>>> print(open('query-v7.txt').read())   # compact mmCIF, N, CA and C atoms
# COMPACT_ATOMS: atom_id res chain seq x y z
N MET U 1 7.52 -17.12 -18.52
CA MET U 1 6.94 -18.13 -19.38
C MET U 1 5.44 -17.85 -19.50
N ALA U 2 4.95 -17.72 -20.68
CA ALA U 2 3.53 -17.50 -20.92
C ALA U 2 2.78 -18.82 -20.76
N LEU U 3 1.63 -18.74 -20.11
CA LEU U 3 0.82 -19.94 -19.88
C LEU U 3 -0.29 -20.03 -20.92
N ALA U 4 -0.52 -21.22 -21.38
CA ALA U 4 -1.65 -21.44 -22.29
C ALA U 4 -2.93 -21.19 -21.51
N SER U 5 -3.90 -20.58 -22.13
CA SER U 5 -5.10 -20.16 -21.42
C SER U 5 -5.89 -21.34 -20.82
N GLY U 6 -5.74 -22.54 -21.34
CA GLY U 6 -6.49 -23.68 -20.84
C GLY U 6 -5.76 -24.52 -19.81
N MET U 7 -4.51 -24.19 -19.48
CA MET U 7 -3.74 -25.02 -18.54
C MET U 7 -4.32 -24.92 -17.14
N LYS U 8 -4.32 -26.09 -16.44
CA LYS U 8 -4.86 -26.15 -15.09
C LYS U 8 -3.85 -26.75 -14.13
N ASP U 9 -4.01 -26.41 -12.86
CA ASP U 9 -3.12 -26.94 -11.83
C ASP U 9 -3.63 -28.29 -11.33
N PHE U 10 -2.99 -28.80 -10.29
CA PHE U 10 -3.32 -30.09 -9.69
C PHE U 10 -4.78 -30.16 -9.25
N PHE U 11 -5.34 -29.03 -8.80
CA PHE U 11 -6.71 -28.99 -8.30
C PHE U 11 -7.72 -28.71 -9.41
N GLY U 12 -7.23 -28.59 -10.65
CA GLY U 12 -8.12 -28.35 -11.77
C GLY U 12 -8.48 -26.90 -11.99
N VAL U 13 -7.70 -26.00 -11.41
CA VAL U 13 -7.98 -24.58 -11.53
C VAL U 13 -7.12 -24.00 -12.65
N ASN U 14 -7.74 -23.22 -13.49
CA ASN U 14 -7.04 -22.55 -14.58
C ASN U 14 -5.96 -21.64 -14.01
N TYR U 15 -4.74 -21.74 -14.54
CA TYR U 15 -3.62 -20.95 -14.04
C TYR U 15 -3.89 -19.46 -14.09
N ASN U 16 -4.48 -19.00 -15.17
CA ASN U 16 -4.75 -17.56 -15.27
C ASN U 16 -5.74 -17.12 -14.21
N SER U 17 -6.75 -17.93 -13.93
CA SER U 17 -7.72 -17.61 -12.87
C SER U 17 -7.03 -17.60 -11.51
N LYS U 18 -6.13 -18.54 -11.32
CA LYS U 18 -5.41 -18.64 -10.06
C LYS U 18 -4.57 -17.39 -9.82
N HIS U 19 -3.90 -16.92 -10.84
CA HIS U 19 -3.07 -15.72 -10.70
C HIS U 19 -3.92 -14.48 -10.44
N GLU U 20 -5.09 -14.41 -11.05
CA GLU U 20 -5.99 -13.29 -10.80
C GLU U 20 -6.50 -13.31 -9.36
N LEU U 21 -6.82 -14.50 -8.87
CA LEU U 21 -7.29 -14.63 -7.50
C LEU U 21 -6.19 -14.22 -6.52
N ARG U 22 -4.98 -14.62 -6.77
CA ARG U 22 -3.86 -14.25 -5.89
C ARG U 22 -3.69 -12.75 -5.82
N LYS U 23 -3.89 -12.08 -6.92
CA LYS U 23 -3.77 -10.62 -6.94
C LYS U 23 -4.82 -9.97 -6.03
N ARG U 24 -6.02 -10.57 -5.97
CA ARG U 24 -7.10 -10.00 -5.17
C ARG U 24 -6.98 -10.31 -3.68
N LEU U 25 -6.33 -11.41 -3.35
CA LEU U 25 -6.21 -11.81 -1.96
C LEU U 25 -5.17 -10.95 -1.25
N ASN U 26 -5.42 -10.72 0.01
CA ASN U 26 -4.45 -9.99 0.82
C ASN U 26 -3.99 -10.92 1.94
N LEU U 27 -3.26 -11.96 1.57
CA LEU U 27 -2.84 -12.96 2.55
C LEU U 27 -1.95 -12.36 3.63
N LEU U 28 -1.07 -11.45 3.24
CA LEU U 28 -0.20 -10.79 4.22
C LEU U 28 -1.04 -9.98 5.20
N GLY U 29 -2.01 -9.26 4.69
CA GLY U 29 -2.89 -8.48 5.56
C GLY U 29 -3.67 -9.35 6.53
N MET U 30 -4.09 -10.53 6.06
CA MET U 30 -4.82 -11.46 6.92
C MET U 30 -3.91 -11.98 8.03
N ALA U 31 -2.68 -12.29 7.70
CA ALA U 31 -1.71 -12.74 8.71
C ALA U 31 -1.45 -11.61 9.71
N GLU U 32 -1.22 -10.42 9.20
CA GLU U 32 -0.92 -9.27 10.07
C GLU U 32 -2.06 -8.99 11.04
N ALA U 33 -3.30 -9.09 10.59
CA ALA U 33 -4.46 -8.83 11.45
C ALA U 33 -4.47 -9.78 12.65
N HIS U 34 -4.09 -11.03 12.43
CA HIS U 34 -4.06 -12.00 13.52
C HIS U 34 -2.86 -11.79 14.43
N ILE U 35 -1.77 -11.36 13.87
CA ILE U 35 -0.58 -11.04 14.69
C ILE U 35 -0.89 -9.84 15.58
N VAL U 36 -1.60 -8.87 15.05
CA VAL U 36 -1.99 -7.69 15.84
C VAL U 36 -2.87 -8.11 17.02
N TRP U 37 -3.82 -9.03 16.77
CA TRP U 37 -4.66 -9.51 17.87
C TRP U 37 -3.81 -10.21 18.93
N LYS U 38 -2.84 -10.99 18.51
CA LYS U 38 -1.99 -11.68 19.49
C LYS U 38 -1.22 -10.66 20.33
N THR U 39 -0.68 -9.67 19.68
CA THR U 39 0.07 -8.62 20.40
C THR U 39 -0.85 -7.88 21.36
N ARG U 40 -2.03 -7.58 20.88
CA ARG U 40 -3.01 -6.86 21.71
C ARG U 40 -3.34 -7.66 22.96
N LEU U 41 -3.58 -8.97 22.80
CA LEU U 41 -3.88 -9.81 23.96
C LEU U 41 -2.69 -9.91 24.91
N TRP U 42 -1.49 -9.97 24.36
CA TRP U 42 -0.30 -10.05 25.22
C TRP U 42 -0.20 -8.81 26.10
N HIS U 43 -0.47 -7.65 25.54
CA HIS U 43 -0.44 -6.42 26.34
C HIS U 43 -1.50 -6.45 27.43
N HIS U 44 -2.64 -7.03 27.15
CA HIS U 44 -3.67 -7.17 28.17
C HIS U 44 -3.23 -8.12 29.28
N ILE U 45 -2.61 -9.22 28.90
CA ILE U 45 -2.12 -10.18 29.90
C ILE U 45 -1.08 -9.52 30.79
N GLN U 46 -0.24 -8.70 30.20
CA GLN U 46 0.80 -8.00 30.97
C GLN U 46 0.25 -6.86 31.80
N GLY U 47 -1.00 -6.49 31.56
CA GLY U 47 -1.62 -5.39 32.31
C GLY U 47 -1.24 -4.02 31.78
N ASN U 48 -0.76 -3.95 30.55
CA ASN U 48 -0.31 -2.69 29.97
C ASN U 48 -1.41 -1.91 29.26
N VAL U 49 -2.60 -2.47 29.14
CA VAL U 49 -3.67 -1.84 28.37
C VAL U 49 -4.94 -1.86 29.21
N CYS U 50 -5.69 -0.79 29.12
CA CYS U 50 -6.93 -0.70 29.88
C CYS U 50 -8.18 -0.70 29.00
N GLU U 51 -8.00 -0.87 27.69
CA GLU U 51 -9.17 -0.87 26.80
C GLU U 51 -10.03 -2.10 27.08
N PRO U 52 -11.33 -1.96 26.95
CA PRO U 52 -12.20 -3.12 27.15
C PRO U 52 -12.09 -4.08 25.96
N LEU U 53 -12.11 -5.36 26.27
CA LEU U 53 -12.12 -6.38 25.23
C LEU U 53 -13.37 -7.23 25.42
N ASP U 54 -13.98 -7.59 24.32
CA ASP U 54 -15.18 -8.40 24.36
C ASP U 54 -14.87 -9.80 23.84
N ALA U 55 -14.97 -10.79 24.72
CA ALA U 55 -14.67 -12.17 24.33
C ALA U 55 -15.58 -12.65 23.22
N SER U 56 -16.82 -12.19 23.20
CA SER U 56 -17.73 -12.66 22.17
C SER U 56 -17.31 -12.18 20.78
N LEU U 57 -16.72 -10.99 20.69
CA LEU U 57 -16.27 -10.48 19.40
C LEU U 57 -15.07 -11.28 18.88
N LEU U 58 -14.06 -11.48 19.72
CA LEU U 58 -12.89 -12.24 19.29
C LEU U 58 -13.25 -13.71 19.08
N GLY U 59 -14.22 -14.20 19.81
CA GLY U 59 -14.60 -15.60 19.69
C GLY U 59 -15.35 -15.94 18.43
N GLN U 60 -15.74 -14.94 17.66
CA GLN U 60 -16.47 -15.17 16.43
C GLN U 60 -15.51 -15.24 15.25
N ALA U 61 -15.07 -16.44 14.93
CA ALA U 61 -14.11 -16.62 13.84
C ALA U 61 -14.67 -16.17 12.50
N GLY U 62 -15.98 -16.09 12.40
CA GLY U 62 -16.59 -15.75 11.13
C GLY U 62 -16.68 -14.27 10.82
N VAL U 63 -16.17 -13.40 11.69
CA VAL U 63 -16.31 -11.97 11.46
C VAL U 63 -15.06 -11.33 10.87
N CYS U 64 -14.05 -12.08 10.54
CA CYS U 64 -12.82 -11.48 10.00
C CYS U 64 -12.63 -11.86 8.53
N GLN U 65 -11.73 -11.15 7.89
CA GLN U 65 -11.48 -11.33 6.46
C GLN U 65 -11.01 -12.75 6.15
N LEU U 66 -10.17 -13.32 7.01
CA LEU U 66 -9.69 -14.68 6.77
C LEU U 66 -10.84 -15.68 6.83
N ALA U 67 -11.75 -15.49 7.76
CA ALA U 67 -12.91 -16.39 7.83
C ALA U 67 -13.73 -16.31 6.57
N ASN U 68 -13.89 -15.11 6.04
CA ASN U 68 -14.64 -14.95 4.79
C ASN U 68 -13.95 -15.70 3.66
N LEU U 69 -12.62 -15.69 3.64
CA LEU U 69 -11.89 -16.43 2.61
C LEU U 69 -12.05 -17.94 2.81
N ILE U 70 -11.90 -18.40 4.05
CA ILE U 70 -12.01 -19.83 4.35
C ILE U 70 -13.40 -20.35 4.00
N ASN U 71 -14.42 -19.59 4.33
CA ASN U 71 -15.80 -20.04 4.14
C ASN U 71 -16.38 -19.67 2.79
N GLY U 72 -15.66 -18.86 2.03
CA GLY U 72 -16.17 -18.41 0.75
C GLY U 72 -16.03 -19.45 -0.35
N LYS U 73 -16.59 -19.15 -1.48
CA LYS U 73 -16.61 -20.06 -2.62
C LYS U 73 -15.32 -20.00 -3.44
N GLU U 74 -14.54 -18.92 -3.29
CA GLU U 74 -13.35 -18.75 -4.13
C GLU U 74 -12.33 -19.87 -3.96
N LEU U 75 -12.28 -20.45 -2.78
CA LEU U 75 -11.27 -21.48 -2.51
C LEU U 75 -11.88 -22.87 -2.33
N GLU U 76 -13.08 -23.07 -2.82
CA GLU U 76 -13.74 -24.38 -2.68
C GLU U 76 -12.88 -25.50 -3.24
N HIS U 77 -12.12 -25.23 -4.28
CA HIS U 77 -11.29 -26.26 -4.90
C HIS U 77 -10.18 -26.73 -3.97
N LEU U 78 -9.92 -25.99 -2.89
CA LEU U 78 -8.85 -26.37 -1.96
C LEU U 78 -9.37 -27.01 -0.67
N HIS U 79 -10.67 -27.05 -0.49
CA HIS U 79 -11.23 -27.51 0.78
C HIS U 79 -10.78 -28.91 1.18
N SER U 80 -10.46 -29.76 0.24
CA SER U 80 -10.05 -31.12 0.59
C SER U 80 -8.55 -31.24 0.86
N ALA U 81 -7.79 -30.18 0.62
CA ALA U 81 -6.34 -30.22 0.87
C ALA U 81 -6.08 -30.19 2.38
N PRO U 82 -5.18 -31.02 2.88
CA PRO U 82 -4.88 -31.03 4.32
C PRO U 82 -4.42 -29.66 4.83
N GLU U 83 -3.70 -28.93 4.02
CA GLU U 83 -3.21 -27.62 4.44
C GLU U 83 -4.36 -26.63 4.61
N PHE U 84 -5.37 -26.77 3.78
CA PHE U 84 -6.55 -25.90 3.90
C PHE U 84 -7.34 -26.26 5.15
N GLU U 85 -7.46 -27.55 5.41
CA GLU U 85 -8.14 -27.99 6.63
C GLU U 85 -7.39 -27.50 7.86
N GLN U 86 -6.05 -27.51 7.81
CA GLN U 86 -5.24 -26.99 8.91
C GLN U 86 -5.52 -25.51 9.11
N LEU U 87 -5.62 -24.76 8.02
CA LEU U 87 -5.92 -23.33 8.11
C LEU U 87 -7.28 -23.12 8.77
N SER U 88 -8.27 -23.84 8.33
CA SER U 88 -9.62 -23.70 8.89
C SER U 88 -9.64 -24.04 10.38
N ASP U 89 -9.03 -25.16 10.75
CA ASP U 89 -8.99 -25.58 12.15
C ASP U 89 -8.21 -24.58 13.01
N ALA U 90 -7.05 -24.17 12.53
CA ALA U 90 -6.20 -23.24 13.29
C ALA U 90 -6.91 -21.91 13.47
N HIS U 91 -7.60 -21.46 12.45
CA HIS U 91 -8.31 -20.18 12.55
C HIS U 91 -9.44 -20.26 13.57
N ARG U 92 -10.18 -21.33 13.53
CA ARG U 92 -11.25 -21.52 14.52
C ARG U 92 -10.68 -21.56 15.94
N GLN U 93 -9.56 -22.29 16.13
CA GLN U 93 -8.92 -22.39 17.43
C GLN U 93 -8.38 -21.03 17.90
N PHE U 94 -7.80 -20.27 16.97
CA PHE U 94 -7.26 -18.96 17.30
C PHE U 94 -8.34 -18.08 17.94
N HIS U 95 -9.50 -18.04 17.33
CA HIS U 95 -10.58 -17.21 17.87
C HIS U 95 -11.15 -17.81 19.16
N HIS U 96 -11.26 -19.12 19.22
CA HIS U 96 -11.76 -19.77 20.43
C HIS U 96 -10.84 -19.49 21.62
N PHE U 97 -9.54 -19.73 21.45
CA PHE U 97 -8.61 -19.53 22.56
C PHE U 97 -8.44 -18.06 22.90
N GLY U 98 -8.56 -17.19 21.90
CA GLY U 98 -8.52 -15.75 22.18
C GLY U 98 -9.66 -15.33 23.09
N ALA U 99 -10.85 -15.82 22.79
CA ALA U 99 -12.01 -15.52 23.63
C ALA U 99 -11.83 -16.10 25.03
N LEU U 100 -11.26 -17.29 25.11
CA LEU U 100 -11.00 -17.92 26.41
C LEU U 100 -10.00 -17.10 27.23
N ILE U 101 -8.98 -16.59 26.58
CA ILE U 101 -8.00 -15.73 27.26
C ILE U 101 -8.68 -14.50 27.85
N ILE U 102 -9.55 -13.87 27.06
CA ILE U 102 -10.25 -12.68 27.54
C ILE U 102 -11.14 -13.04 28.73
N GLU U 103 -11.82 -14.16 28.65
CA GLU U 103 -12.67 -14.59 29.78
C GLU U 103 -11.84 -14.78 31.04
N HIS U 104 -10.67 -15.41 30.91
CA HIS U 104 -9.80 -15.61 32.08
C HIS U 104 -9.31 -14.28 32.64
N LEU U 105 -9.00 -13.35 31.77
CA LEU U 105 -8.57 -12.02 32.23
C LEU U 105 -9.70 -11.31 32.97
N LYS U 106 -10.90 -11.39 32.44
CA LYS U 106 -12.05 -10.74 33.09
C LYS U 106 -12.36 -11.36 34.44
N GLU U 107 -12.05 -12.66 34.58
CA GLU U 107 -12.28 -13.36 35.84
C GLU U 107 -11.14 -13.13 36.83
N GLY U 108 -10.12 -12.39 36.40
CA GLY U 108 -8.98 -12.10 37.28
C GLY U 108 -7.97 -13.23 37.34
N ASN U 109 -7.85 -14.02 36.27
CA ASN U 109 -6.91 -15.14 36.21
C ASN U 109 -5.85 -14.92 35.14
N PRO U 110 -4.96 -13.95 35.33
CA PRO U 110 -3.96 -13.68 34.29
C PRO U 110 -2.98 -14.84 34.08
N ASP U 111 -2.73 -15.65 35.12
CA ASP U 111 -1.81 -16.78 34.95
C ASP U 111 -2.39 -17.83 34.01
N SER U 112 -3.66 -18.14 34.16
CA SER U 112 -4.27 -19.12 33.25
C SER U 112 -4.40 -18.54 31.85
N ALA U 113 -4.69 -17.23 31.75
CA ALA U 113 -4.74 -16.57 30.44
C ALA U 113 -3.38 -16.65 29.76
N SER U 114 -2.33 -16.43 30.52
CA SER U 114 -0.97 -16.47 29.98
C SER U 114 -0.61 -17.88 29.52
N ALA U 115 -1.02 -18.89 30.28
CA ALA U 115 -0.72 -20.28 29.91
C ALA U 115 -1.38 -20.64 28.58
N ILE U 116 -2.64 -20.25 28.41
CA ILE U 116 -3.34 -20.51 27.15
C ILE U 116 -2.66 -19.75 26.01
N PHE U 117 -2.29 -18.51 26.30
CA PHE U 117 -1.63 -17.66 25.30
C PHE U 117 -0.34 -18.30 24.82
N GLU U 118 0.47 -18.76 25.75
CA GLU U 118 1.78 -19.32 25.41
C GLU U 118 1.69 -20.65 24.67
N CYS U 119 0.67 -21.42 24.96
CA CYS U 119 0.58 -22.76 24.34
C CYS U 119 -0.40 -22.77 23.16
N GLU U 120 -1.66 -22.96 23.45
CA GLU U 120 -2.66 -23.18 22.40
C GLU U 120 -2.82 -21.99 21.46
N TYR U 121 -2.87 -20.78 22.03
CA TYR U 121 -3.10 -19.60 21.20
C TYR U 121 -1.93 -19.36 20.25
N SER U 122 -0.72 -19.45 20.77
CA SER U 122 0.47 -19.25 19.93
C SER U 122 0.58 -20.34 18.87
N ALA U 123 0.26 -21.58 19.24
CA ALA U 123 0.32 -22.68 18.26
C ALA U 123 -0.69 -22.47 17.15
N SER U 124 -1.87 -21.99 17.49
CA SER U 124 -2.88 -21.77 16.45
C SER U 124 -2.43 -20.67 15.49
N LEU U 125 -1.79 -19.63 16.00
CA LEU U 125 -1.30 -18.58 15.10
C LEU U 125 -0.18 -19.11 14.20
N ARG U 126 0.72 -19.90 14.76
CA ARG U 126 1.78 -20.50 13.93
C ARG U 126 1.18 -21.33 12.80
N ASN U 127 0.15 -22.10 13.11
CA ASN U 127 -0.49 -22.93 12.09
C ASN U 127 -1.20 -22.08 11.04
N ILE U 128 -1.79 -20.97 11.45
CA ILE U 128 -2.41 -20.06 10.49
C ILE U 128 -1.35 -19.53 9.53
N ILE U 129 -0.24 -19.07 10.08
CA ILE U 129 0.84 -18.49 9.25
C ILE U 129 1.39 -19.55 8.29
N GLN U 130 1.64 -20.75 8.79
CA GLN U 130 2.15 -21.82 7.92
C GLN U 130 1.16 -22.13 6.79
N SER U 131 -0.11 -22.15 7.11
CA SER U 131 -1.13 -22.43 6.10
C SER U 131 -1.23 -21.30 5.08
N LEU U 132 -1.11 -20.07 5.53
CA LEU U 132 -1.16 -18.94 4.60
C LEU U 132 0.07 -18.94 3.69
N ILE U 133 1.21 -19.37 4.21
CA ILE U 133 2.41 -19.51 3.37
C ILE U 133 2.15 -20.57 2.30
N TRP U 134 1.56 -21.70 2.70
CA TRP U 134 1.23 -22.74 1.72
C TRP U 134 0.28 -22.20 0.67
N LEU U 135 -0.76 -21.46 1.11
CA LEU U 135 -1.74 -20.91 0.19
C LEU U 135 -1.07 -19.94 -0.78
N ASN U 136 -0.20 -19.10 -0.28
CA ASN U 136 0.53 -18.17 -1.14
C ASN U 136 1.36 -18.92 -2.18
N ARG U 137 2.03 -19.96 -1.75
CA ARG U 137 2.83 -20.76 -2.69
C ARG U 137 1.95 -21.44 -3.72
N HIS U 138 0.78 -21.90 -3.29
CA HIS U 138 -0.16 -22.53 -4.22
C HIS U 138 -0.51 -21.58 -5.36
N PHE U 139 -0.72 -20.32 -5.02
CA PHE U 139 -1.10 -19.35 -6.04
C PHE U 139 0.08 -18.87 -6.87
N GLN U 140 1.30 -19.16 -6.45
CA GLN U 140 2.47 -18.76 -7.21
C GLN U 140 2.89 -19.82 -8.23
N LYS U 141 2.51 -21.07 -7.99
CA LYS U 141 2.96 -22.16 -8.84
C LYS U 141 2.45 -22.01 -10.26
N ASP U 142 3.34 -22.25 -11.19
CA ASP U 142 2.96 -22.25 -12.60
C ASP U 142 3.05 -23.65 -13.16
>>> encode(input="query-v7.txt", output="structure tokens")
Amino acid sequence: MALASGMKDFFGVNYNSKHELRKRLNLLGMAEAHIVWKTRLWHHIQGNVCEPLDASLLGQAGVCQLANLINGKELEHLHSAPEFEQLSDAHRQFHHFGALIIEHLKEGNPDSASAIFECEYSASLRNIIQSLIWLNRHFQKD
């Protein structure tokens, strides 16, 4: 179905602009990057990896592609949506708890690192994925 060039969605965004934005976004890549971090931390908790990890790097939610999307102007029209707020909160928590896990590992507390990983860290990743699914659906709607 062809869309009239002036048609807008619920948030007042032109459908054609929305489709162009979706083409530029790499939502799957953003999800995968966070899944890779979770896997990487799990291997550290299990003691299977000897690479150094820096808690300050993982703790900086603003240094990844998803943070740039959340904080950028392209999605300002979604900032008031509860799902977008969930994405922002979950992303901040993901990086915070990831840094906390690394700190516990460096202090020699793998049990407390594992507890955070299993609860708060995993929940934050689930919320990120759910929010990215919502965002993807938002850009698919005609």
>>> closest_residue(input="query-v7.txt", among="U:Lys106, U:Gln140, U:Ser131, U:Glu120", to="Ile70 of chain U", atoms="only C-alpha atoms")
U:Ser131
>>> closest_residue(input="query-v7.txt", among="U:Glu85, U:Glu76, U:Glu103, U:Glu118", to="Leu53 of chain U", atoms="only C-alpha atoms")
U:Glu103
>>> closest_residue(input="query-v7.txt", among="U:Asp111, U:Ser88, U:His96, U:Gln46", to="Asn127 of chain U", atoms="all atoms listed in the file")
U:Ser88
>>> atom_distance(input="query-v7.txt", atom1="atom N of Ala33 of chain U", atom2="atom CA of Ala81 of chain U")
23.5 Å
>>> residues_around(input="query-v7.txt", residues="Ile45 of chain U", least_positions_apart="5", cutoff="7 Å", atoms="only C-alpha atoms", output="VMD selection string")
chain U and resid 110 113 to 114
>>> closest_residue(input="query-v7.txt", among="U:Asn48, U:Ser80, U:Thr39, U:Asn26", to="Ser122 of chain U", atoms="only C-alpha atoms")
U:Thr39
>>> residues_near_point(input="query-v7.txt", point="(-11.2, -11.8, 29.9)", cutoff="10 Å", atoms="only C-alpha atoms", output="MDAnalysis selection string")
chainID U and resid 41 44:45 52:55 98:110 113
>>> closest_residue(input="query-v7.txt", among="U:Glu51, U:Ile128, U:Ile116, U:Gly29", to="Leu87 of chain U", atoms="all atoms listed in the file")
U:Ile128
>>> closest_residue(input="query-v7.txt", among="U:Ala67, U:Ala123, U:Cys50, U:Leu78", to="Met30 of chain U", atoms="only C-alpha atoms")
U:Ala67
>>> atom_distance(input="query-v7.txt", atom1="atom CA of Cys64 of chain U", atom2="atom CA of Ala115 of chain U")
24.9 Å
>>> atom_distance(input="query-v7.txt", atom1="atom C of Asn136 of chain U", atom2="atom C of Phe97 of chain U")
26.9 Å
>>> axis_aligned_box(input="query-v7.txt", around="segment 77-88 of chain U", padding_each_side="4 Å", output="JSON")
{"center_x": -7.7, "center_y": -27.2, "center_z": 2.7, "size_x": 16.9, "size_y": 16.1, "size_z": 23.3}
>>> residues_around(input="query-v7.txt", residues="Gln130 of chain U", least_positions_apart="6", cutoff="12 Å", atoms="only C-alpha atoms", output="PyMOL selection string")
chain U and resi 27-28+31+83-84+86-88+90-91+123-124+136-137
